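Coordinates as given in data12.cif (mmCIF, C-alpha atoms and all ligand atoms):
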```cif
data_query
loop_
_atom_site.label_atom_id
_atom_site.label_comp_id
_atom_site.auth_asym_id
_atom_site.auth_seq_id
_atom_site.Cartn_x
_atom_site.Cartn_y
_atom_site.Cartn_z
CA MET P 34 0.00 0.00 0.00
CA VAL P 35 2.84 2.32 0.60
CA ASN P 36 4.96 3.02 -2.38
CA GLU P 37 8.51 2.39 -1.31
CA SER P 38 9.91 5.03 -3.54
CA GLY P 39 7.71 7.61 -1.92
CA ILE P 40 9.08 7.07 1.52
CA GLY P 41 11.61 9.13 3.29
CA TYR P 42 13.33 12.39 3.15
CA GLY P 43 13.09 12.53 -0.59
CA THR P 44 9.54 13.68 -0.27
CA ILE P 45 10.29 16.70 1.81
CA ALA P 46 11.80 18.36 -1.16
CA HIS P 47 8.37 18.67 -2.72
CA ASP P 48 6.52 20.47 -0.02
CA GLY P 49 8.69 23.48 0.47
CA SER P 50 8.88 22.79 4.14
CA GLY P 51 11.94 24.85 4.55
CA ILE P 52 14.50 22.08 4.72
CA GLY P 53 17.06 24.26 3.18
CA SER P 54 18.42 24.42 -0.26
CA ASP P 55 18.51 20.77 -1.20
CA ALA P 56 15.55 21.11 -3.49
CA ASN P 57 17.15 18.73 -5.92
CA ALA P 58 18.17 16.13 -3.40
CA VAL P 59 15.20 13.93 -4.16
CA ALA P 60 17.05 10.69 -4.53
CA PRO P 61 18.47 9.36 -1.30
CA LEU P 62 22.21 9.52 -1.37
CA PRO P 63 23.78 6.14 -1.09
CA LEU P 64 25.71 5.79 2.11
CA ALA P 65 29.28 6.78 1.61
CA GLY P 66 31.01 4.36 -0.69
CA GLY P 67 33.26 2.91 1.95
CA ALA P 68 30.56 2.51 4.56
CA GLY P 69 30.43 -1.24 4.20
CA GLY P 70 34.13 -1.87 4.01
CA GLY P 71 36.91 -0.02 5.69
CA SER P 72 34.89 2.71 7.33
CA MET P 73 37.46 3.31 10.01
CA GLU P 74 39.03 6.18 8.14
CA THR P 75 39.18 9.40 10.05
CA PRO P 76 36.26 11.63 9.13
CA THR P 77 37.59 14.54 7.17
CA PRO P 78 35.28 17.51 7.24
CA SER P 79 35.45 18.24 3.56
CA ARG P 80 32.61 20.05 1.84
CA LYS P 81 31.40 16.91 0.23
CA ARG P 82 31.43 14.97 3.42
CA GLU P 83 29.46 17.66 5.16
CA GLY P 84 26.78 17.24 2.52
CA ASN P 85 26.65 13.52 3.06
CA THR P 86 26.52 14.06 6.78
CA ARG P 87 23.55 16.34 6.47
CA GLN P 88 21.86 13.64 4.47
CA LEU P 89 22.53 11.24 7.33
CA VAL P 90 20.72 13.63 9.65
CA LEU P 91 17.72 13.74 7.33
CA ASP P 92 17.84 9.99 7.04
CA ALA P 93 17.80 9.63 10.82
CA LEU P 94 14.97 12.13 11.11
CA SER P 95 12.86 10.20 8.63
CA GLY P 96 12.82 7.44 11.21
CA VAL P 97 11.62 9.63 14.07
CA MET P 98 7.89 9.11 14.20
CA ASP P 99 5.21 11.20 15.75
CA PRO P 100 4.12 9.29 18.86
CA GLU P 101 0.50 10.10 18.14
CA ILE P 102 0.50 9.08 14.51
CA PRO P 103 3.25 6.50 14.38
CA THR P 104 3.30 6.21 10.61
CA LEU P 105 4.30 9.84 10.18
CA SER P 106 7.81 11.05 10.70
CA VAL P 107 8.74 14.47 11.98
CA LEU P 108 9.71 15.25 8.39
CA ASP P 109 6.33 14.22 7.01
CA LEU P 110 4.70 16.48 9.55
CA GLY P 111 6.84 19.45 8.63
CA MET P 112 8.21 19.65 12.15
CA ILE P 113 11.82 20.16 11.12
CA THR P 114 12.63 23.68 10.06
CA ASN P 115 16.38 23.50 9.75
CA VAL P 116 19.15 20.95 9.57
CA GLU P 117 22.82 21.80 9.66
CA VAL P 118 26.00 19.98 10.37
CA GLU P 119 28.81 22.15 11.56
CA ASP P 120 32.14 20.98 12.93
CA GLY P 121 30.69 17.56 13.53
CA THR P 122 27.73 18.84 15.48
CA ALA P 123 24.28 18.06 14.15
CA HIS P 124 21.95 21.02 14.61
CA VAL P 125 18.25 20.41 14.20
CA ARG P 126 15.48 22.94 14.65
CA PHE P 127 12.27 21.38 15.69
CA LEU P 128 8.82 22.90 15.52
CA PRO P 129 6.18 21.21 17.71
CA THR P 130 2.86 20.64 15.97
CA PHE P 131 0.86 21.76 18.89
CA VAL P 132 2.20 23.94 21.62
CA ALA P 133 0.34 22.08 24.31
CA CYS P 134 1.28 18.69 22.95
CA PRO P 135 2.78 16.77 25.83
CA ALA P 136 4.74 14.81 23.24
CA THR P 137 7.09 17.68 22.50
CA SER P 138 9.92 16.76 24.84
CA TYR P 139 9.45 13.10 23.99
CA ILE P 140 9.93 13.81 20.28
CA LYS P 141 12.86 16.04 21.03
CA SER P 142 14.65 13.27 22.88
CA ASN P 143 13.75 10.81 20.13
CA ILE P 144 15.42 13.09 17.61
CA ALA P 145 18.56 13.20 19.72
CA LYS P 146 18.45 9.44 20.13
CA ALA P 147 18.07 8.83 16.39
CA LEU P 148 21.02 11.09 15.66
CA MET P 149 23.14 9.31 18.22
CA GLU P 150 22.26 6.00 16.61
CA ALA P 151 23.26 7.50 13.27
CA GLY P 152 26.69 8.09 14.74
CA PHE P 153 26.58 11.71 15.83
CA THR P 154 28.18 12.37 19.15
CA SER P 155 27.46 16.06 19.24
CA ILE P 156 23.84 16.95 18.80
CA GLN P 157 21.85 20.08 19.33
CA VAL P 158 18.08 20.10 19.05
CA ASP P 159 16.53 23.52 19.36
CA LEU P 160 12.90 24.43 19.50
CA GLU P 161 11.87 26.61 16.63
CA THR P 162 10.41 29.77 18.06
CA GLU P 163 10.34 32.02 15.02
CA MET P 164 7.24 30.49 13.55
CA SER P 165 4.38 28.31 14.54
CA TRP P 166 3.36 25.04 13.06
CA THR P 167 0.32 24.83 10.86
CA SER P 168 -1.15 21.73 9.33
CA ASP P 169 -0.28 23.21 5.95
CA ARG P 170 3.27 22.12 6.71
CA ILE P 171 2.38 18.46 6.40
CA SER P 172 3.96 17.10 3.25
CA GLU P 173 2.01 15.53 0.45
CA HIS P 174 3.46 12.20 1.48
CA GLY P 175 2.37 12.90 5.04
CA ARG P 176 -1.17 13.64 3.90
CA LYS P 177 -1.38 10.33 2.10
CA LEU P 178 -0.17 8.56 5.22
CA LEU P 179 -2.77 10.35 7.33
CA GLU P 180 -5.49 9.12 5.00
CA GLU P 181 -4.16 5.59 5.22
CA PHE P 182 -4.01 5.89 8.98
CA GLY P 183 -7.73 6.69 8.90
CA LEU P 184 -7.27 10.12 10.42
CA GLY P 185 -7.80 12.08 7.28
CA ALA P 186 -5.56 14.93 6.33
CA PRO P 187 -6.43 18.29 7.77
CA VAL P 188 -7.76 20.75 5.26
CA GLN P 189 -5.38 23.37 3.96
CA ILE P 190 -6.23 26.52 5.81
CA ASP P 191 -3.98 29.26 4.54
CA GLY P 192 -3.58 30.92 7.86
CA THR P 193 -7.20 31.32 8.89
CA LEU P 194 -9.24 28.74 10.64
CA ASN P 195 -12.82 28.78 11.65
CA PHE P 196 -15.00 26.32 13.41
CA GLU P 197 -16.58 25.20 10.14
CA GLN P 198 -13.31 23.77 8.99
CA ILE P 199 -13.02 21.60 12.05
CA GLU P 200 -16.67 20.64 12.01
CA HIS P 201 -17.17 19.73 8.38
CA VAL P 202 -15.10 16.74 7.49
CA ALA P 203 -15.72 13.72 5.34
CA CYS P 204 -15.96 10.28 6.88
CA PRO P 205 -12.76 8.32 6.25
CA TYR P 206 -14.73 5.07 6.03
CA CYS P 207 -17.49 5.85 3.56
CA GLY P 208 -16.62 9.33 2.33
CA SER P 209 -19.94 10.78 3.44
CA GLU P 210 -19.99 14.41 4.44
CA ASN P 211 -22.97 13.81 6.60
CA THR P 212 -20.92 13.88 9.77
CA GLU P 213 -21.03 15.72 13.03
CA LEU P 214 -18.43 16.89 15.47
CA ARG P 215 -18.69 15.01 18.74
CA SER P 216 -15.76 16.44 20.62
CA MET P 217 -13.08 19.01 20.01
CA PHE P 218 -10.63 16.73 21.76
CA GLY P 219 -10.06 13.13 20.85
CA SER P 220 -7.66 10.67 22.35
CA THR P 221 -5.10 13.46 22.23
CA LEU P 222 -5.37 17.22 22.30
CA CYS P 223 -4.46 17.34 18.65
CA ARG P 224 -7.46 15.37 17.49
CA SER P 225 -11.17 15.89 17.31
CA ILE P 226 -13.84 13.20 17.35
CA HIS P 227 -16.53 12.97 14.70
CA TYR P 228 -19.45 10.72 13.97
CA CYS P 229 -20.70 9.62 10.57
CA MET P 230 -24.49 9.65 10.28
CA ASP P 231 -24.38 7.34 7.28
CA CYS P 232 -22.13 4.47 8.29
CA LYS P 233 -22.63 5.09 12.02
CA GLN P 234 -18.97 5.03 12.91
CA SER P 235 -17.06 7.51 14.90
CA PHE P 236 -13.66 8.62 13.76
CA GLU P 237 -10.91 10.97 14.78
CA ARG P 238 -9.38 13.75 12.84
CA PHE P 239 -6.05 15.43 13.06
CA LYS P 240 -7.17 18.95 13.77
CA PRO P 241 -6.18 21.64 11.33
CA LEU P 242 -4.20 24.36 13.06
ZN ZN P 301 -19.15 7.02 7.10
#
```
Would you write out, as structure tokens, the structure that this file holds?
Amino acid sequence: MVNESGIGYGTIAHDGSGIGSDANAVAPLPLAGGAGGGSMETPTPSRKREGNTRQLVLDALSGVMDPEIPTLSVLDLGMITNVEVEDGTAHVRFLPTFVACPATSYIKSNIAKALMEAGFTSIQVDLETEMSWTSDRISEHGRKLLEEFGLGAPVQIDGTLNFEQIEHVACPYCGSENTELRSMFGSTLCRSIHYCMDCKQSFERFKPL
């Protein structure tokens, strides 16, 4: 069901989510040629190597999932606003989806953990404070995954949000728009609960923000 080639950091290039200038870096870089063999060489911080290293960061981040929607990575959700590798330190700027989300510090430590597993010993994860997250930041790939997860992708809101947009959603099971909002808060703060009048099932939505 999931197209392999659509997975991973490659997709972030399409959504303009601010991951820097690698707009052309769609194809995953193969791990450095010598990775399998004699990889004990001393890392030389050449330009090229820095680029590969940054790719390693993105690769690691593509495996950091949102605890609430475990099929979506922090990249799919548009939660990463900047990635840099400087003097061997991996810098990641992280934008929480929902300010009140209790998962924020959990995700932050998962990012650090993933980067450690990727071989970084010096890691800095900063909270992005210059902007706020909106559901428009979710990548196209992320939206597809949300549909598959049965949550439905939040509508694109272009900065304004009114109650109508939260209330009027299509049922993910039968597609009917004959639904009603049951609760503004689902199993997590970031979700709302809806009920389909046609197929009589309740479902959750990832709230647009
Ligand atoms: Zn339905």
Give me, as a JSON list (two decimals) with C-alpha atoms, in the coordinates of the input, the set of residues whose atoms come within 9 Å of any atom of ligand ZN 301 (chain P), counting only C-alpha atoms and all ligand atoms.
```json
[["chain", "number", "residue", "atom", "x", "y", "z"],
["P", 203, "ALA", "CA", -15.72, 13.72, 5.34],
["P", 204, "CYS", "CA", -15.96, 10.28, 6.88],
["P", 205, "PRO", "CA", -12.76, 8.32, 6.25],
["P", 206, "TYR", "CA", -14.73, 5.07, 6.03],
["P", 207, "CYS", "CA", -17.49, 5.85, 3.56],
["P", 208, "GLY", "CA", -16.62, 9.33, 2.33],
["P", 209, "SER", "CA", -19.94, 10.78, 3.44],
["P", 210, "GLU", "CA", -19.99, 14.41, 4.44],
["P", 211, "ASN", "CA", -22.97, 13.81, 6.60],
["P", 212, "THR", "CA", -20.92, 13.88, 9.77],
["P", 228, "TYR", "CA", -19.45, 10.72, 13.97],
["P", 229, "CYS", "CA", -20.70, 9.62, 10.57],
["P", 230, "MET", "CA", -24.49, 9.65, 10.28],
["P", 231, "ASP", "CA", -24.38, 7.34, 7.28],
["P", 232, "CYS", "CA", -22.13, 4.47, 8.29],
["P", 233, "LYS", "CA", -22.63, 5.09, 12.02],
["P", 234, "GLN", "CA", -18.97, 5.03, 12.91],
["P", 235, "SER", "CA", -17.06, 7.51, 14.90],
["P", 236, "PHE", "CA", -13.66, 8.62, 13.76]]
```
May I have the protein, DNA and RNA residues with an atom at most 9 Å from (11.2, 16.4, 11.1), counting all atoms listed in the file in the file's coordinates, returned as a PDB file with C-alpha atoms, in the frame of the given file?
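Result file is out-v7.pdb:
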```
ATOM      1  CA  LEU P  91      17.720  13.740   7.330  1.00  0.00           C
ATOM      2  CA  LEU P  94      14.970  12.130  11.110  1.00  0.00           C
ATOM      3  CA  SER P  95      12.860  10.200   8.630  1.00  0.00           C
ATOM      4  CA  VAL P  97      11.620   9.630  14.070  1.00  0.00           C
ATOM      5  CA  MET P  98       7.890   9.110  14.200  1.00  0.00           C
ATOM      6  CA  SER P 106       7.810  11.050  10.700  1.00  0.00           C
ATOM      7  CA  VAL P 107       8.740  14.470  11.980  1.00  0.00           C
ATOM      8  CA  LEU P 108       9.710  15.250   8.390  1.00  0.00           C
ATOM      9  CA  ASP P 109       6.330  14.220   7.010  1.00  0.00           C
ATOM     10  CA  LEU P 110       4.700  16.480   9.550  1.00  0.00           C
ATOM     11  CA  GLY P 111       6.840  19.450   8.630  1.00  0.00           C
ATOM     12  CA  MET P 112       8.210  19.650  12.150  1.00  0.00           C
ATOM     13  CA  ILE P 113      11.820  20.160  11.120  1.00  0.00           C
ATOM     14  CA  THR P 114      12.630  23.680  10.060  1.00  0.00           C
ATOM     15  CA  ASN P 115      16.380  23.500   9.750  1.00  0.00           C
ATOM     16  CA  VAL P 125      18.250  20.410  14.200  1.00  0.00           C
ATOM     17  CA  ARG P 126      15.480  22.940  14.650  1.00  0.00           C
ATOM     18  CA  PHE P 127      12.270  21.380  15.690  1.00  0.00           C
ATOM     19  CA  LEU P 128       8.820  22.900  15.520  1.00  0.00           C
ATOM     20  CA  ILE P 144      15.420  13.090  17.610  1.00  0.00           C
TER      21      ILE P 144
END
```
Q: Measuring atom to atom with only C-alpha atoms, identify which of P:Ala145, P:Ala136, P:Phe153, P:Asp99 is nearest to Thr86 of chain P.
A: P:Phe153
Q. Atom CA of Leu184 of chain P and atom CA of Thr130 of chain P are how many Å apart?
A.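 Atom CA of Thr130 of chain P lies at a distance of 15.6 Å from atom CA of Leu184 of chain P.
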Q) Within 7 Å of (13.7, 5.5, 17.9), only C-alpha atoms: residues as a list in words? A)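 Those residues, ordered by chain and then number, are Val97, Asn143, Lys146 and Ala147 of chain P.
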Q. Which value, in Å to one decimal, gives the distance between atom CA of Gly175 of chain P and atom CA of Pro100 of chain P?
A.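 Atom-to-atom, atom CA of Gly175 of chain P and atom CA of Pro100 of chain P are spaced 14.4 Å apart.
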